[in-house]
Amino acid sequence: MTDHPGNKAYSGYYNRPAPAEPQPLTETGPGTPGGEYLRRFWHPFLMSEELGDTPKLVRLLGEDLVLFRDGSGRLGLLHRPCVHRGTSLEYGIPAERGIRCCYHGWLFDVDGTILETPAEPASSRIHVNFCQGAYPVREYHGLIFAYMGPPELTPEFPLYDCFTYPSNNRLVPFSLSMPCNWVQIVENASDPIHNVFLHVIVSGAQFAPHFAVPPALEFVDTPLGFLCSAVRRVKDSVFIRAGEIIMPNVAQFIGGGAMRDEDELAVAGFLTRWATPLDDENSLYIGYIHFNDINGQTANCDEGKVGLGRLNLIGQTADRPYVERQREPGDYDAVGSQGAIANRKTEHLGTTDRGVVLFRRLLMRGIKAIADGETPALPRIYPAGPVRSYAHTMTMRAPAGATLGQGETKLLGEFGRRVAKIVVETDTLPPEERERVARQRVRELLDTTGEKATTGEVAAAPA
Ligand code: FES
Ligand SMILES: [Fe+2]
């Protein structure tokens, strides 16, 4: 601590938070470096059930757009102002093919092509000279996605392996509003240590009681982002929960509460969600809950708790009474109260913020790649199947006292890092075989670690 008066007790006068400044990493609008990067990916922005038979005004990446479904069932996402004289297409009339502007009847196809300009003379060529701005749209399991980048660079639509594994997996869509920049939402997912405090010590066991055990944290690269691995010794088991960040704005989690009595290693989904920017200060927390036997969300769970403005996890919305949210705050309160755009100039990062730092580094790298004319890492559909994902949970029996005790943070961390690498290395295998092979390798690794540790041969892993 220096002699600066701002570093002493009662320093409020000297140490007022500086006002937030624009930051490239939080920009979402067209023409900004951050916005251009985000425009290279598909983003979900609406639940299918939110679209009725009239056009829907939406905001996405700082642009005002109109979504509609035409008479033949196709979706169109067009710039809001009609290219003729600017009337909003939210007042347009969906036609059998496309949408007709209410003001002078111009008819636009879902791709923005002008099909008719009825008030113009028959000889008019005006309709072939330009188009209404439009973006491609995809609908998947109750969510509607858009791609807003250069059409010649449209990436494949990302179908992740965990969407269809296990075979009885059911994706139930949801969408929640967050009054803040999208980066804060991803940072929250990159920060496993908050599970200990926000979700157990402060607010009671919101998700799982063993989250109270402070974990060893490791962050491991994947082809599209990184894993946030939290490793705990819980009674007679070593327990790992590794959430996944897929750049730029996807997070996947598995399990979280379920600790089994037998050895388990599962690579599957519990929650897949996008932090979709509506603009710089508003986002959607939108995605799927996976209902399957692996993650404990079985067919008997209540799907009715998942949907528009609803999620079967406490603390994700503003719905609870304010005083209750003060006494038992959740993610919505912690993340939203950082401000519409968190002021990163006034932060003081600690060692447990490594995931946040890693995410920002990857984000800035992606933004720079686009600015330099390069292609960012994009989800790729593998020849043998869908996009690979890596979120995993592991429970391995390991008698307490043998090794990897709760105090052996470095050993626990190194074990978690090696488990994560095994999950990455086995990604070419079909899901079931991948889990079986990975489980076997991890069991062997744990047994070997145990032998070496008891004979004093395992050096502490580098921090
Ligand atoms: S403003 Fe849309 S047709 Fe004239
Ligand atoms: Fe959380």
# chains A, B, ... in the order shown; residues from 1 in each chain; ligands from 1
$ residues_near_ligand --ligand "ligand 2" --cutoff "12 Å" --atoms "only C-alpha atoms and all ligand atoms" --output "PDB file with all heavy atoms, in the first residue's frame"
ATOM      1  N   GLN A 184     -20.510  -9.104 -19.313  1.00  0.00           N
ATOM      2  CA  GLN A 184     -20.656  -9.434 -17.889  1.00  0.00           C
ATOM      3  C   GLN A 184     -21.256 -10.825 -17.686  1.00  0.00           C
ATOM      4  O   GLN A 184     -20.903 -11.540 -16.744  1.00  0.00           O
ATOM      5  CB  GLN A 184     -21.546  -8.389 -17.202  1.00  0.00           C
ATOM      6  CG  GLN A 184     -20.836  -7.100 -16.917  1.00  0.00           C
ATOM      7  CD  GLN A 184     -21.746  -5.891 -16.920  1.00  0.00           C
ATOM      8  OE1 GLN A 184     -21.646  -5.044 -17.786  1.00  0.00           O
ATOM      9  NE2 GLN A 184     -22.630  -5.803 -15.947  1.00  0.00           N
ATOM     10  N   ILE A 185     -22.152 -11.202 -18.569  1.00  0.00           N
ATOM     11  CA  ILE A 185     -22.814 -12.507 -18.433  1.00  0.00           C
ATOM     12  C   ILE A 185     -21.815 -13.637 -18.715  1.00  0.00           C
ATOM     13  O   ILE A 185     -21.798 -14.659 -18.022  1.00  0.00           O
ATOM     14  CB  ILE A 185     -24.024 -12.584 -19.389  1.00  0.00           C
ATOM     15  CG1 ILE A 185     -25.000 -11.440 -19.078  1.00  0.00           C
ATOM     16  CG2 ILE A 185     -24.727 -13.929 -19.265  1.00  0.00           C
ATOM     17  CD1 ILE A 185     -26.118 -11.306 -20.083  1.00  0.00           C
ATOM     18  N   VAL A 186     -20.957 -13.436 -19.709  1.00  0.00           N
ATOM     19  CA  VAL A 186     -19.958 -14.475 -19.997  1.00  0.00           C
ATOM     20  C   VAL A 186     -18.892 -14.489 -18.901  1.00  0.00           C
ATOM     21  O   VAL A 186     -18.402 -15.549 -18.505  1.00  0.00           O
ATOM     22  CB  VAL A 186     -19.313 -14.259 -21.382  1.00  0.00           C
ATOM     23  CG1 VAL A 186     -18.374 -15.415 -21.705  1.00  0.00           C
ATOM     24  CG2 VAL A 186     -20.378 -14.148 -22.462  1.00  0.00           C
ATOM     25  N   GLU A 187     -18.537 -13.318 -18.406  1.00  0.00           N
ATOM     26  CA  GLU A 187     -17.560 -13.282 -17.311  1.00  0.00           C
ATOM     27  C   GLU A 187     -18.079 -14.044 -16.095  1.00  0.00           C
ATOM     28  O   GLU A 187     -17.320 -14.720 -15.399  1.00  0.00           O
ATOM     29  CB  GLU A 187     -17.239 -11.824 -16.948  1.00  0.00           C
ATOM     30  CG  GLU A 187     -16.396 -11.131 -17.999  1.00  0.00           C
ATOM     31  CD  GLU A 187     -16.114  -9.680 -17.669  1.00  0.00           C
ATOM     32  OE1 GLU A 187     -16.736  -9.124 -16.748  1.00  0.00           O
ATOM     33  OE2 GLU A 187     -15.271  -9.088 -18.371  1.00  0.00           O
ATOM     34  N   ASN A 188     -19.351 -13.944 -15.834  1.00  0.00           N
ATOM     35  CA  ASN A 188     -19.945 -14.677 -14.714  1.00  0.00           C
ATOM     36  C   ASN A 188     -19.766 -16.190 -14.910  1.00  0.00           C
ATOM     37  O   ASN A 188     -19.450 -16.931 -13.976  1.00  0.00           O
ATOM     38  CB  ASN A 188     -21.432 -14.315 -14.613  1.00  0.00           C
ATOM     39  CG  ASN A 188     -22.133 -15.008 -13.459  1.00  0.00           C
ATOM     40  OD1 ASN A 188     -21.646 -15.004 -12.339  1.00  0.00           O
ATOM     41  ND2 ASN A 188     -23.276 -15.614 -13.739  1.00  0.00           N
ATOM     42  N   ALA A 189     -19.916 -16.637 -16.146  1.00  0.00           N
ATOM     43  CA  ALA A 189     -19.733 -18.064 -16.432  1.00  0.00           C
ATOM     44  C   ALA A 189     -18.263 -18.472 -16.399  1.00  0.00           C
ATOM     45  O   ALA A 189     -17.946 -19.650 -16.274  1.00  0.00           O
ATOM     46  CB  ALA A 189     -20.331 -18.387 -17.803  1.00  0.00           C
ATOM     47  N   SER A 190     -17.366 -17.488 -16.509  1.00  0.00           N
ATOM     48  CA  SER A 190     -15.921 -17.774 -16.492  1.00  0.00           C
ATOM     49  C   SER A 190     -15.343 -17.721 -15.083  1.00  0.00           C
ATOM     50  O   SER A 190     -14.128 -17.750 -14.910  1.00  0.00           O
ATOM     51  CB  SER A 190     -15.174 -16.736 -17.353  1.00  0.00           C
ATOM     52  OG  SER A 190     -15.763 -16.590 -18.602  1.00  0.00           O
ATOM     53  N   ASP A 191     -16.210 -17.619 -14.104  1.00  0.00           N
ATOM     54  CA  ASP A 191     -15.814 -17.286 -12.734  1.00  0.00           C
ATOM     55  C   ASP A 191     -16.389 -18.313 -11.755  1.00  0.00           C
ATOM     56  O   ASP A 191     -17.334 -18.025 -11.027  1.00  0.00           O
ATOM     57  CB  ASP A 191     -16.343 -15.859 -12.434  1.00  0.00           C
ATOM     58  CG  ASP A 191     -16.261 -15.487 -10.976  1.00  0.00           C
ATOM     59  OD1 ASP A 191     -15.384 -16.010 -10.264  1.00  0.00           O
ATOM     60  OD2 ASP A 191     -17.089 -14.653 -10.543  1.00  0.00           O
ATOM     61  N   PRO A 192     -15.842 -19.535 -11.733  1.00  0.00           N
ATOM     62  CA  PRO A 192     -16.451 -20.589 -10.896  1.00  0.00           C
ATOM     63  C   PRO A 192     -16.398 -20.306  -9.402  1.00  0.00           C
ATOM     64  O   PRO A 192     -17.177 -20.887  -8.647  1.00  0.00           O
ATOM     65  CB  PRO A 192     -15.615 -21.841 -11.226  1.00  0.00           C
ATOM     66  CG  PRO A 192     -14.723 -21.497 -12.351  1.00  0.00           C
ATOM     67  CD  PRO A 192     -14.677 -20.011 -12.484  1.00  0.00           C
ATOM     68  N   ILE A 193     -15.518 -19.426  -8.957  1.00  0.00           N
ATOM     69  CA  ILE A 193     -15.386 -19.213  -7.513  1.00  0.00           C
ATOM     70  C   ILE A 193     -16.637 -18.540  -6.943  1.00  0.00           C
ATOM     71  O   ILE A 193     -16.923 -18.657  -5.749  1.00  0.00           O
ATOM     72  CB  ILE A 193     -14.112 -18.389  -7.183  1.00  0.00           C
ATOM     73  CG1 ILE A 193     -13.685 -18.621  -5.733  1.00  0.00           C
ATOM     74  CG2 ILE A 193     -14.311 -16.918  -7.428  1.00  0.00           C
ATOM     75  CD1 ILE A 193     -13.108 -19.989  -5.482  1.00  0.00           C
ATOM     76  N   HIS A 194     -17.402 -17.876  -7.785  1.00  0.00           N
ATOM     77  CA  HIS A 194     -18.607 -17.217  -7.247  1.00  0.00           C
ATOM     78  C   HIS A 194     -19.638 -18.250  -6.794  1.00  0.00           C
ATOM     79  O   HIS A 194     -20.523 -17.928  -5.995  1.00  0.00           O
ATOM     80  CB  HIS A 194     -19.194 -16.220  -8.250  1.00  0.00           C
ATOM     81  CG  HIS A 194     -20.186 -16.794  -9.226  1.00  0.00           C
ATOM     82  ND1 HIS A 194     -19.837 -17.273 -10.470  1.00  0.00           N
ATOM     83  CD2 HIS A 194     -21.526 -16.978  -9.131  1.00  0.00           C
ATOM     84  CE1 HIS A 194     -20.914 -17.707 -11.098  1.00  0.00           C
ATOM     85  NE2 HIS A 194     -21.954 -17.552 -10.314  1.00  0.00           N
ATOM     86  N   ASN A 195     -19.508 -19.496  -7.274  1.00  0.00           N
ATOM     87  CA  ASN A 195     -20.428 -20.539  -6.796  1.00  0.00           C
ATOM     88  C   ASN A 195     -20.305 -20.735  -5.287  1.00  0.00           C
ATOM     89  O   ASN A 195     -21.285 -21.004  -4.592  1.00  0.00           O
ATOM     90  CB  ASN A 195     -20.121 -21.873  -7.495  1.00  0.00           C
ATOM     91  CG  ASN A 195     -20.612 -21.877  -8.931  1.00  0.00           C
ATOM     92  OD1 ASN A 195     -21.641 -21.307  -9.226  1.00  0.00           O
ATOM     93  ND2 ASN A 195     -19.856 -22.495  -9.816  1.00  0.00           N
ATOM     94  N   VAL A 196     -19.080 -20.611  -4.779  1.00  0.00           N
ATOM     95  CA  VAL A 196     -18.848 -20.821  -3.351  1.00  0.00           C
ATOM     96  C   VAL A 196     -19.552 -19.740  -2.540  1.00  0.00           C
ATOM     97  O   VAL A 196     -20.224 -20.034  -1.543  1.00  0.00           O
ATOM     98  CB  VAL A 196     -17.331 -20.788  -3.046  1.00  0.00           C
ATOM     99  CG1 VAL A 196     -17.087 -20.946  -1.550  1.00  0.00           C
ATOM    100  CG2 VAL A 196     -16.608 -21.854  -3.856  1.00  0.00           C
ATOM    101  N   PHE A 197     -19.409 -18.502  -2.992  1.00  0.00           N
ATOM    102  CA  PHE A 197     -19.895 -17.383  -2.187  1.00  0.00           C
ATOM    103  C   PHE A 197     -21.344 -17.051  -2.515  1.00  0.00           C
ATOM    104  O   PHE A 197     -22.237 -17.252  -1.700  1.00  0.00           O
ATOM    105  CB  PHE A 197     -18.958 -16.181  -2.360  1.00  0.00           C
ATOM    106  CG  PHE A 197     -17.611 -16.499  -1.788  1.00  0.00           C
ATOM    107  CD1 PHE A 197     -16.614 -17.028  -2.593  1.00  0.00           C
ATOM    108  CD2 PHE A 197     -17.370 -16.359  -0.437  1.00  0.00           C
ATOM    109  CE1 PHE A 197     -15.389 -17.393  -2.060  1.00  0.00           C
ATOM    110  CE2 PHE A 197     -16.148 -16.722   0.115  1.00  0.00           C
ATOM    111  CZ  PHE A 197     -15.161 -17.237  -0.699  1.00  0.00           C
ATOM    112  N   LEU A 198     -21.580 -16.582  -3.719  1.00  0.00           N
ATOM    113  CA  LEU A 198     -22.942 -16.162  -4.064  1.00  0.00           C
ATOM    114  C   LEU A 198     -23.940 -17.305  -3.894  1.00  0.00           C
ATOM    115  O   LEU A 198     -25.022 -17.113  -3.333  1.00  0.00           O
ATOM    116  CB  LEU A 198     -22.973 -15.658  -5.522  1.00  0.00           C
ATOM    117  CG  LEU A 198     -24.344 -15.175  -5.999  1.00  0.00           C
ATOM    118  CD1 LEU A 198     -24.755 -13.903  -5.266  1.00  0.00           C
ATOM    119  CD2 LEU A 198     -24.341 -14.915  -7.508  1.00  0.00           C
ATOM    120  N   HIS A 199     -23.572 -18.486  -4.361  1.00  0.00           N
ATOM    121  CA  HIS A 199     -24.571 -19.559  -4.449  1.00  0.00           C
ATOM    122  C   HIS A 199     -24.619 -20.489  -3.243  1.00  0.00           C
ATOM    123  O   HIS A 199     -25.417 -21.418  -3.219  1.00  0.00           O
ATOM    124  CB  HIS A 199     -24.352 -20.376  -5.719  1.00  0.00           C
ATOM    125  CG  HIS A 199     -24.589 -19.571  -6.972  1.00  0.00           C
ATOM    126  ND1 HIS A 199     -25.689 -18.772  -7.140  1.00  0.00           N
ATOM    127  CD2 HIS A 199     -23.846 -19.426  -8.099  1.00  0.00           C
ATOM    128  CE1 HIS A 199     -25.623 -18.183  -8.328  1.00  0.00           C
ATOM    129  NE2 HIS A 199     -24.518 -18.556  -8.922  1.00  0.00           N
ATOM    130  N   VAL A 200     -23.746 -20.294  -2.251  1.00  0.00           N
ATOM    131  CA  VAL A 200     -23.865 -21.107  -1.040  1.00  0.00           C
ATOM    132  C   VAL A 200     -23.742 -20.235   0.209  1.00  0.00           C
ATOM    133  O   VAL A 200     -24.698 -20.069   0.973  1.00  0.00           O
ATOM    134  CB  VAL A 200     -22.809 -22.231  -0.977  1.00  0.00           C
ATOM    135  CG1 VAL A 200     -23.069 -23.103   0.247  1.00  0.00           C
ATOM    136  CG2 VAL A 200     -22.849 -23.094  -2.229  1.00  0.00           C
ATOM    137  N   SER A 203     -26.128 -16.919  -0.038  1.00  0.00           N
ATOM    138  CA  SER A 203     -27.559 -17.075  -0.324  1.00  0.00           C
ATOM    139  C   SER A 203     -28.111 -18.429   0.059  1.00  0.00           C
ATOM    140  O   SER A 203     -29.222 -18.772  -0.338  1.00  0.00           O
ATOM    141  CB  SER A 203     -27.802 -16.814  -1.822  1.00  0.00           C
ATOM    142  OG  SER A 203     -27.446 -15.492  -2.156  1.00  0.00           O
ATOM    143  N   ALA A 205     -27.677 -22.750  -0.023  1.00  0.00           N
ATOM    144  CA  ALA A 205     -27.306 -23.628  -1.139  1.00  0.00           C
ATOM    145  C   ALA A 205     -28.308 -23.495  -2.275  1.00  0.00           C
ATOM    146  O   ALA A 205     -29.300 -24.212  -2.332  1.00  0.00           O
ATOM    147  CB  ALA A 205     -27.220 -25.063  -0.657  1.00  0.00           C
ATOM    148  N   GLN A 206     -28.046 -22.542  -3.182  1.00  0.00           N
ATOM    149  CA  GLN A 206     -28.993 -22.321  -4.279  1.00  0.00           C
ATOM    150  C   GLN A 206     -28.964 -23.477  -5.270  1.00  0.00           C
ATOM    151  O   GLN A 206     -29.965 -23.804  -5.877  1.00  0.00           O
ATOM    152  CB  GLN A 206     -28.676 -21.001  -4.989  1.00  0.00           C
ATOM    153  CG  GLN A 206     -28.964 -19.780  -4.108  1.00  0.00           C
ATOM    154  CD  GLN A 206     -28.758 -18.469  -4.837  1.00  0.00           C
ATOM    155  OE1 GLN A 206     -27.853 -18.333  -5.648  1.00  0.00           O
ATOM    156  NE2 GLN A 206     -29.587 -17.479  -4.532  1.00  0.00           N
ATOM    157  N   PHE A 207     -27.789 -24.050  -5.472  1.00  0.00           N
ATOM    158  CA  PHE A 207     -27.682 -25.132  -6.456  1.00  0.00           C
ATOM    159  C   PHE A 207     -27.267 -26.458  -5.807  1.00  0.00           C
ATOM    160  O   PHE A 207     -27.898 -27.472  -6.029  1.00  0.00           O
ATOM    161  CB  PHE A 207     -26.691 -24.764  -7.563  1.00  0.00           C
ATOM    162  CG  PHE A 207     -27.065 -23.495  -8.295  1.00  0.00           C
ATOM    163  CD1 PHE A 207     -26.100 -22.636  -8.775  1.00  0.00           C
ATOM    164  CD2 PHE A 207     -28.397 -23.156  -8.492  1.00  0.00           C
ATOM    165  CE1 PHE A 207     -26.458 -21.474  -9.443  1.00  0.00           C
ATOM    166  CE2 PHE A 207     -28.771 -21.995  -9.154  1.00  0.00           C
ATOM    167  CZ  PHE A 207     -27.790 -21.156  -9.622  1.00  0.00           C
ATOM    168  N   ALA A 208     -26.153 -26.467  -5.069  1.00  0.00           N
ATOM    169  CA  ALA A 208     -25.671 -27.718  -4.490  1.00  0.00           C
ATOM    170  C   ALA A 208     -24.853 -27.406  -3.240  1.00  0.00           C
ATOM    171  O   ALA A 208     -24.013 -26.515  -3.258  1.00  0.00           O
ATOM    172  CB  ALA A 208     -24.797 -28.462  -5.497  1.00  0.00           C
ATOM    173  N   PHE A 211     -20.986 -27.084  -3.205  1.00  0.00           N
ATOM    174  CA  PHE A 211     -20.348 -25.899  -3.788  1.00  0.00           C
ATOM    175  C   PHE A 211     -19.673 -25.064  -2.700  1.00  0.00           C
ATOM    176  O   PHE A 211     -18.869 -24.186  -2.993  1.00  0.00           O
ATOM    177  CB  PHE A 211     -21.371 -25.039  -4.514  1.00  0.00           C
ATOM    178  CG  PHE A 211     -21.692 -25.520  -5.910  1.00  0.00           C
ATOM    179  CD1 PHE A 211     -21.136 -26.677  -6.411  1.00  0.00           C
ATOM    180  CD2 PHE A 211     -22.537 -24.795  -6.723  1.00  0.00           C
ATOM    181  CE1 PHE A 211     -21.427 -27.125  -7.690  1.00  0.00           C
ATOM    182  CE2 PHE A 211     -22.831 -25.223  -8.009  1.00  0.00           C
ATOM    183  CZ  PHE A 211     -22.275 -26.389  -8.492  1.00  0.00           C
ATOM    184  N   GLY A 243     -17.324 -26.177 -16.443  1.00  0.00           N
ATOM    185  CA  GLY A 243     -18.166 -25.440 -17.384  1.00  0.00           C
ATOM    186  C   GLY A 243     -17.334 -25.044 -18.595  1.00  0.00           C
ATOM    187  O   GLY A 243     -16.101 -25.016 -18.535  1.00  0.00           O
ATOM    188  N   ALA A 251     -22.058 -20.425 -23.171  1.00  0.00           N
ATOM    189  CA  ALA A 251     -21.564 -21.157 -22.002  1.00  0.00           C
ATOM    190  C   ALA A 251     -22.366 -22.440 -21.877  1.00  0.00           C
ATOM    191  O   ALA A 251     -23.574 -22.452 -22.146  1.00  0.00           O
ATOM    192  CB  ALA A 251     -21.699 -20.326 -20.733  1.00  0.00           C
ATOM    193  N   PHE A 253     -22.963 -25.861 -19.250  1.00  0.00           N
ATOM    194  CA  PHE A 253     -22.718 -26.463 -17.946  1.00  0.00           C
ATOM    195  C   PHE A 253     -23.363 -27.833 -17.905  1.00  0.00           C
ATOM    196  O   PHE A 253     -24.329 -28.091 -18.604  1.00  0.00           O
ATOM    197  CB  PHE A 253     -23.309 -25.606 -16.821  1.00  0.00           C
ATOM    198  CG  PHE A 253     -22.766 -24.214 -16.806  1.00  0.00           C
ATOM    199  CD1 PHE A 253     -23.497 -23.173 -17.338  1.00  0.00           C
ATOM    200  CD2 PHE A 253     -21.506 -23.946 -16.294  1.00  0.00           C
ATOM    201  CE1 PHE A 253     -22.996 -21.887 -17.354  1.00  0.00           C
ATOM    202  CE2 PHE A 253     -20.994 -22.671 -16.304  1.00  0.00           C
ATOM    203  CZ  PHE A 253     -21.742 -21.630 -16.831  1.00  0.00           C
ATOM    204  N   GLY A 256     -23.926 -30.303 -11.747  1.00  0.00           N
ATOM    205  CA  GLY A 256     -23.695 -29.250 -10.767  1.00  0.00           C
ATOM    206  C   GLY A 256     -24.122 -29.705  -9.398  1.00  0.00           C
ATOM    207  O   GLY A 256     -23.419 -29.506  -8.425  1.00  0.00           O
ATOM    208  N   LEU A 313     -33.669 -22.395 -12.211  1.00  0.00           N
ATOM    209  CA  LEU A 313     -32.541 -22.080 -11.342  1.00  0.00           C
ATOM    210  C   LEU A 313     -32.887 -20.780 -10.640  1.00  0.00           C
ATOM    211  O   LEU A 313     -33.302 -19.808 -11.300  1.00  0.00           O
ATOM    212  CB  LEU A 313     -31.255 -21.872 -12.165  1.00  0.00           C
ATOM    213  CG  LEU A 313     -30.735 -23.077 -12.947  1.00  0.00           C
ATOM    214  CD1 LEU A 313     -29.614 -22.650 -13.887  1.00  0.00           C
ATOM    215  CD2 LEU A 313     -30.236 -24.150 -11.990  1.00  0.00           C
ATOM    216  N   ILE A 314     -32.676 -20.734  -9.335  1.00  0.00           N
ATOM    217  CA  ILE A 314     -33.072 -19.548  -8.583  1.00  0.00           C
ATOM    218  C   ILE A 314     -32.157 -18.367  -8.924  1.00  0.00           C
ATOM    219  O   ILE A 314     -30.988 -18.532  -9.254  1.00  0.00           O
ATOM    220  CB  ILE A 314     -33.065 -19.842  -7.065  1.00  0.00           C
ATOM    221  CG1 ILE A 314     -33.783 -18.731  -6.320  1.00  0.00           C
ATOM    222  CG2 ILE A 314     -31.654 -20.050  -6.549  1.00  0.00           C
ATOM    223  CD1 ILE A 314     -34.054 -19.077  -4.855  1.00  0.00           C
ATOM    224  N   GLY A 315     -32.720 -17.167  -8.864  1.00  0.00           N
ATOM    225  CA  GLY A 315     -31.892 -15.960  -8.914  1.00  0.00           C
ATOM    226  C   GLY A 315     -31.474 -15.500 -10.299  1.00  0.00           C
ATOM    227  O   GLY A 315     -30.532 -14.733 -10.430  1.00  0.00           O
ATOM    228  N   GLN A 316     -32.183 -15.934 -11.331  1.00  0.00           N
ATOM    229  CA  GLN A 316     -31.776 -15.566 -12.684  1.00  0.00           C
ATOM    230  C   GLN A 316     -32.628 -14.443 -13.270  1.00  0.00           C
ATOM    231  O   GLN A 316     -32.413 -14.033 -14.420  1.00  0.00           O
ATOM    232  CB  GLN A 316     -31.846 -16.787 -13.614  1.00  0.00           C
ATOM    233  CG  GLN A 316     -31.120 -18.015 -13.087  1.00  0.00           C
ATOM    234  CD  GLN A 316     -29.637 -17.778 -12.845  1.00  0.00           C
ATOM    235  OE1 GLN A 316     -28.938 -17.274 -13.711  1.00  0.00           O
ATOM    236  NE2 GLN A 316     -29.163 -18.129 -11.659  1.00  0.00           N
ATOM    237  N   PRO A 329     -29.266 -12.913  -2.834  1.00  0.00           N
ATOM    238  CA  PRO A 329     -29.094 -12.509  -4.233  1.00  0.00           C
ATOM    239  C   PRO A 329     -28.676 -13.675  -5.117  1.00  0.00           C
ATOM    240  O   PRO A 329     -28.103 -14.660  -4.647  1.00  0.00           O
ATOM    241  CB  PRO A 329     -28.003 -11.443  -4.164  1.00  0.00           C
ATOM    242  CG  PRO A 329     -27.335 -11.652  -2.849  1.00  0.00           C
ATOM    243  CD  PRO A 329     -28.322 -12.277  -1.930  1.00  0.00           C
ATOM    244  N   GLY A 330     -28.978 -13.542  -6.386  1.00  0.00           N
ATOM    245  CA  GLY A 330     -28.595 -14.557  -7.368  1.00  0.00           C
ATOM    246  C   GLY A 330     -27.759 -13.933  -8.474  1.00  0.00           C
ATOM    247  O   GLY A 330     -27.310 -12.785  -8.372  1.00  0.00           O
ATOM    248  N   ASP A 331     -27.555 -14.689  -9.542  1.00  0.00           N
ATOM    249  CA  ASP A 331     -26.724 -14.197 -10.640  1.00  0.00           C
ATOM    250  C   ASP A 331     -27.273 -12.900 -11.229  1.00  0.00           C
ATOM    251  O   ASP A 331     -26.509 -11.984 -11.551  1.00  0.00           O
ATOM    252  CB  ASP A 331     -26.658 -15.256 -11.750  1.00  0.00           C
ATOM    253  CG  ASP A 331     -25.798 -16.436 -11.349  1.00  0.00           C
ATOM    254  OD1 ASP A 331     -24.634 -16.229 -10.995  1.00  0.00           O
ATOM    255  OD2 ASP A 331     -26.298 -17.568 -11.382  1.00  0.00           O
ATOM    256  N   TYR A 332     -28.599 -12.828 -11.383  1.00  0.00           N
ATOM    257  CA  TYR A 332     -29.195 -11.630 -11.972  1.00  0.00           C
ATOM    258  C   TYR A 332     -28.778 -10.388 -11.171  1.00  0.00           C
ATOM    259  O   TYR A 332     -28.416  -9.355 -11.736  1.00  0.00           O
ATOM    260  CB  TYR A 332     -30.719 -11.762 -11.986  1.00  0.00           C
ATOM    261  CG  TYR A 332     -31.436 -10.565 -12.563  1.00  0.00           C
ATOM    262  CD1 TYR A 332     -31.776 -10.522 -13.906  1.00  0.00           C
ATOM    263  CD2 TYR A 332     -31.762  -9.471 -11.761  1.00  0.00           C
ATOM    264  CE1 TYR A 332     -32.418  -9.414 -14.444  1.00  0.00           C
ATOM    265  CE2 TYR A 332     -32.409  -8.362 -12.289  1.00  0.00           C
ATOM    266  CZ  TYR A 332     -32.731  -8.342 -13.628  1.00  0.00           C
ATOM    267  OH  TYR A 332     -33.361  -7.249 -14.153  1.00  0.00           O
ATOM    268  N   ASP A 333     -28.818 -10.513  -9.844  1.00  0.00           N
ATOM    269  CA  ASP A 333     -28.530  -9.365  -8.988  1.00  0.00           C
ATOM    270  C   ASP A 333     -27.040  -9.028  -8.993  1.00  0.00           C
ATOM    271  O   ASP A 333     -26.655  -7.868  -9.061  1.00  0.00           O
ATOM    272  CB  ASP A 333     -29.022  -9.664  -7.570  1.00  0.00           C
ATOM    273  CG  ASP A 333     -30.461 -10.179  -7.607  1.00  0.00           C
ATOM    274  OD1 ASP A 333     -31.332  -9.459  -8.104  1.00  0.00           O
ATOM    275  OD2 ASP A 333     -30.679 -11.336  -7.182  1.00  0.00           O
ATOM    276  N   ALA A 334     -26.201 -10.070  -8.922  1.00  0.00           N
ATOM    277  CA  ALA A 334     -24.758  -9.833  -8.879  1.00  0.00           C
ATOM    278  C   ALA A 334     -24.264  -9.237 -10.206  1.00  0.00           C
ATOM    279  O   ALA A 334     -23.481  -8.282 -10.223  1.00  0.00           O
ATOM    280  CB  ALA A 334     -24.013 -11.137  -8.578  1.00  0.00           C
ATOM    281  N   VAL A 335     -24.731  -9.797 -11.299  1.00  0.00           N
ATOM    282  CA  VAL A 335     -24.231  -9.371 -12.606  1.00  0.00           C
ATOM    283  C   VAL A 335     -24.884  -8.059 -13.042  1.00  0.00           C
ATOM    284  O   VAL A 335     -24.210  -7.140 -13.516  1.00  0.00           O
ATOM    285  CB  VAL A 335     -24.481 -10.486 -13.652  1.00  0.00           C
ATOM    286  CG1 VAL A 335     -24.100 -10.028 -15.045  1.00  0.00           C
ATOM    287  CG2 VAL A 335     -23.687 -11.739 -13.274  1.00  0.00           C
TER     288      VAL A 335
END
$ select_by_dssp --residues "range 92-204 of chain A" --states "strand (DSSP E or B)" --output "PyMOL selection string"
chain A and resi 93-94+99-100+107-108+114-116+134-135+137-140+143-147+160+170-178
$ closest_residue --among "A:Leu51, A:Met247, A:Ala342, A:Leu115" --to "Thr222 in chain A" --atoms "only C-alpha atoms"
A:Met247
$ residues_around --residues "range 175-178 of chain A" --least-positions-apart "6" --cutoff "10 Å" --atoms "only C-alpha atoms" --output "PyMOL selection string"
chain A and resi 44-47+143+184-185+273-278+281-288+306-311+316-318+332-333+335-336+340
$ closest_residue --among "A:Val202, A:Val231, A:Leu65, A:Val110" --to "Glu328 in chain A" --atoms "only C-alpha atoms"
A:Val202
$ closest_atom_pairs --of "chain A" --to "ligand 1" --cutoff "9 Å" --atoms "only C-alpha atoms and all ligand atoms" --output "tab-separated table"
residue	atom	partner	partner_atom_place_in_ligand_line	distance
A:Pro81	CA	ligand 1	1 (S)	7.7
A:Cys82	CA	ligand 1	2 (Fe)	4.6
A:Val83	CA	ligand 1	2 (Fe)	6.5
A:His84	CA	ligand 1	1 (S)	4.6
A:Arg85	CA	ligand 1	1 (S)	4.0
A:Gly86	CA	ligand 1	1 (S)	5.0
A:Thr87	CA	ligand 1	1 (S)	4.6
A:Ser88	CA	ligand 1	2 (Fe)	7.6
A:Leu89	CA	ligand 1	2 (Fe)	7.5
A:Gly92	CA	ligand 1	2 (Fe)	8.4
A:Arg100	CA	ligand 1	3 (S)	7.7
A:Cys101	CA	ligand 1	2 (Fe)	4.6
A:Cys102	CA	ligand 1	2 (Fe)	6.4
A:Tyr103	CA	ligand 1	4 (Fe)	4.8
A:His104	CA	ligand 1	3 (S)	3.8
A:Gly105	CA	ligand 1	3 (S)	4.9
A:Trp106	CA	ligand 1	3 (S)	4.4
A:Leu107	CA	ligand 1	3 (S)	7.8
A:Thr117	CA	ligand 1	3 (S)	7.5
A:Pro118	CA	ligand 1	3 (S)	9.0
A:Ala119	CA	ligand 1	3 (S)	8.8
